[in-house]
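A.B. asks: Dropping the structure in here first, questions after.
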Amino acid sequence: MSPNPALLLKTNLKQLRLPTIAAEFEKLAREAGAANEGYEQYLLRLTELEVAARTANALQARIRSANFPVHKDFDTYDFTAVPNLPKQKVLELARGEWLDQHFNACLIGQPGTGKTHLAIALGLAACRQGRHVKFFTAAGLVNRLEESQKAYQLDRFLTQLDKTELLICDELGYLSFSRGGAELLFQVFADRYERASLLITSNLAFGDWAQIFQGERMTAALLDRLTHRCHIFEMNGESYRFRESMKAKKVKKQE
Ligand code: ADP
Ligand code: MG
């Protein structure tokens with residue numbers, strides 16, 4: 001008895017790691033037969049499916065590795081709620097040229113004005129362009145740096161950070177750091193200077209950053225590098241969260 005070619009083919013496709021082709025070739029072969037499609041057309045359709053599945057999987061892997069705290073995108077961001085935010089400029093950043101130019105971006109504003117939302121949306125846009133992104137809160141990043149240092153793994157962690165084209169550091173300013181923690185964060189920021197992009201969100205105006213970095217000198221050195229080639233967005237205004245909850249209360253009252 002001759003071996004079943006479909007079975008052999010499945011084994012080969014598994015070995016070649018072509019799972020989508022393995023799952024689809026029989027169905028597509030029936031369709032191709034019915035439509036009198038040529039061999040090349042059939043193979044082309046099969047490989048297109050495999051390529052599409054791989055691209056989608058790679059994107060999902062990049063998004064997972066970025067470690068966003070929640071999924072937020074531009075389609076749910078209401079630009080009219082922040083009238084002084086230049087929408088076109090923000091959407092231009094979503095195209096990613098600033099990352100090729102190793103520019104930084106800072107979103108500065110009061111809590112609830114959508115800084116984290118936009119930081120994630122920009123991070124997702126970068127992932128979709130095939131870039132490696134990492135999202136941290138400032139406190140989380142300092143924590144990881146200190147832990148890595150304690151475990152003699154700092155170099156390894158820094159190399160990992162070095163591979164990211166966009167490092168997002170959210171909520172700088174909510175907590176101040178120890179001297180050691182501030183120095184480690186300074187090192188990460190300084191290392192990226194003109195080499196890779198940083199996106200920072202903060203509730204503190206630059207003038208108040210000395211509180212976080214303990215000392216005018218370190219702060220001045222840091223701000224000098226950070227803001228040299230930087231898109232700065234001031235997002236002041238009423239808290240979106242607060243406004244939405246007030247609206248909801250009003251609706252309830254009217255009911
Ligand atoms: P921040 O980081 O500035 O404190 P967040 O991004 O966490 O603010 O926003 C708080 C909540 O309000 C989030 O759920 C966010 O999605 C939502 N939000 C804030 N601003 C907007 C906006 N302009 N359009 C839509 N949702 C917004
Ligand atoms: Mg936030």
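Naming works like this for the structure tokens: A, B, ... for the chains as they're shown, residue 1 at the start of each chain, ligands 1 onward in shown order.
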I want to know what sits within 6 Å of segment 193-209 of chain A, based on only C-alpha atoms, with residues of the same chain fewer than 3 positions away left out; could you give that as a count of residues only?

C.D. replies: 21

A.B. asks: Using backbone DSSP assignments, extract all helix (DSSP H, G or I) residues from segment 155-199 of chain A; output them as a list in words.

C.D. replies: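 Filtering segment 155-199 of chain A to helix (DSSP H, G or I) leaves Asp155, Arg156, Phe157, Leu158, Thr159, Gln160, Leu161, Asp162, Arg179, Gly180, Gly181, Ala182, Glu183, Leu184, Leu185, Phe186, Gln187, Val188, Phe189, Ala190, Asp191 and Arg192 of chain A.
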
A.B. asks: At what distance in Å, to one decimal, does atom CA of Ala182 of chain A lie from atom CA of Pro69 of chain A?

C.D. replies: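 It comes out at 23.1 Å.
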
A.B. asks: Excluding Arg62 of chain A and its own-chain neighbours fewer than 6 positions away, which residues fall within 12 Å of it when counting only C-alpha atoms? Please give them as a PyMOL selection string.

C.D. replies: chain A and resi 55-56+68+123-135+164-166

A.B. asks: So which one's closest to Asp73 of chain A, A:Ala29, A:Ile120, A:Leu141, A:Leu226? Using only C-alpha atoms, please.

C.D. replies: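 Smallest distance to Asp73 of chain A is found for A:Ile120.
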
A.B. asks: Could you report the residues within 10 Å of ligand 1, using only C-alpha atoms and all ligand atoms, as number ranges by chain?

C.D. replies: A: 70-83, 85, 107-121, 170-171, 201-203, 235-236, 238-244

A.B. asks: Please, could you write that set of residues out with C-alpha atoms as a short mmCIF file (atom, residue, chain, number, x, y, z; two decimals), in the first residue's frame?

C.D. replies:
```cif
data_model
loop_
_atom_site.label_atom_id
_atom_site.label_comp_id
_atom_site.auth_asym_id
_atom_site.auth_seq_id
_atom_site.Cartn_x
_atom_site.Cartn_y
_atom_site.Cartn_z
CA VAL A 70 -4.15 47.96 28.86
CA HIS A 71 -5.09 48.20 25.22
CA LYS A 72 -5.73 51.82 24.18
CA ASP A 73 -5.73 53.17 20.67
CA PHE A 74 -6.30 56.36 18.72
CA ASP A 75 -9.79 55.31 17.62
CA THR A 76 -11.05 55.68 21.19
CA TYR A 77 -9.16 58.89 21.89
CA ASP A 78 -11.29 62.02 21.82
CA PHE A 79 -9.04 64.83 20.63
CA THR A 80 -11.78 67.42 21.13
CA ALA A 81 -11.47 66.86 24.89
CA VAL A 82 -7.92 68.30 24.79
CA PRO A 83 -8.24 71.30 22.49
CA LEU A 85 -3.22 69.19 21.87
CA LEU A 107 3.56 64.18 27.33
CA ILE A 108 3.21 66.55 30.23
CA GLY A 109 -0.04 67.22 32.04
CA GLN A 110 -2.30 66.69 34.99
CA PRO A 111 -3.66 63.26 35.90
CA GLY A 112 -6.54 62.00 33.79
CA THR A 113 -5.71 64.00 30.67
CA GLY A 114 -4.99 60.90 28.57
CA LYS A 115 -1.19 60.72 28.70
CA THR A 116 -1.06 56.98 29.30
CA HIS A 117 -3.75 56.41 26.68
CA LEU A 118 -1.75 58.26 24.03
CA ALA A 119 1.55 56.68 25.10
CA ILE A 120 0.04 53.22 24.58
CA ALA A 121 -1.53 54.23 21.26
CA ASP A 170 4.98 56.39 32.13
CA GLU A 171 4.15 58.42 35.23
CA THR A 201 4.76 60.99 30.47
CA SER A 202 4.77 63.16 33.54
CA ASN A 203 2.44 65.18 35.70
CA MET A 235 -1.89 68.16 27.87
CA ASN A 236 -3.37 70.39 30.45
CA GLU A 238 -9.72 69.05 32.89
CA SER A 239 -9.36 65.37 33.72
CA TYR A 240 -11.18 63.29 31.10
CA ARG A 241 -12.08 60.73 33.74
CA PHE A 242 -13.49 63.43 35.99
CA ARG A 243 -15.43 65.03 33.16
CA GLU A 244 -16.92 61.73 32.07
#
```

A.B. asks: May I ask which of the residues A:Ala220, A:Ala138, A:Ala6, A:Leu28 is the closest one to ligand 2, counting only C-alpha atoms and all ligand atoms?

C.D. replies: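 Of all the options, A:Ala138 lies closest to ligand 2.
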
A.B. asks: Please provide the set of residues having any atom within 8 Å of Leu222 of chain A, restricted to only C-alpha atoms, with same-chain residues fewer than 3 positions apart removed, written as a list in words.

C.D. replies: Phe186, Phe189, Ala190, Met218, Thr219, Arg225 and Leu226 of chain A

A.B. asks: Smallest atom-to-atom distance to Ser176 of chain A: which of A:Val142, A:Ala248, A:Ala151, A:Val188, using only C-alpha atoms?

C.D. replies: A:Val142

A.B. asks: What does the distance from atom CA of Arg229 of chain A to atom CA of Asp155 of chain A come to in Å, to one decimal?

C.D. replies: 26.5 Å

A.B. asks: Restricting the calculation to only C-alpha atoms: of A:Lys27, A:Arg64, A:Arg192, A:His228, which residue gets closest to Tyr42 of chain A?

C.D. replies: A:Lys27

A.B. asks: Just list as a list in words whatever in segment 64-195 of chain A DSSP marks as strand (DSSP E).

C.D. replies: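 Matching residues, listed in order: Asn104, Ala105, Cys106, Leu107, Ile108, Val133, Lys134, Phe135, Phe136, Thr137, Leu166, Leu167, Ile168, Cys169, Asp170, Glu171 and Leu172 of chain A.
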
A.B. asks: Could you tell me which of A:Gln15, A:Thr137, A:Thr47, A:Asn36 comes closest to ligand 2 if we count only C-alpha atoms and all ligand atoms?

C.D. replies: A:Thr137
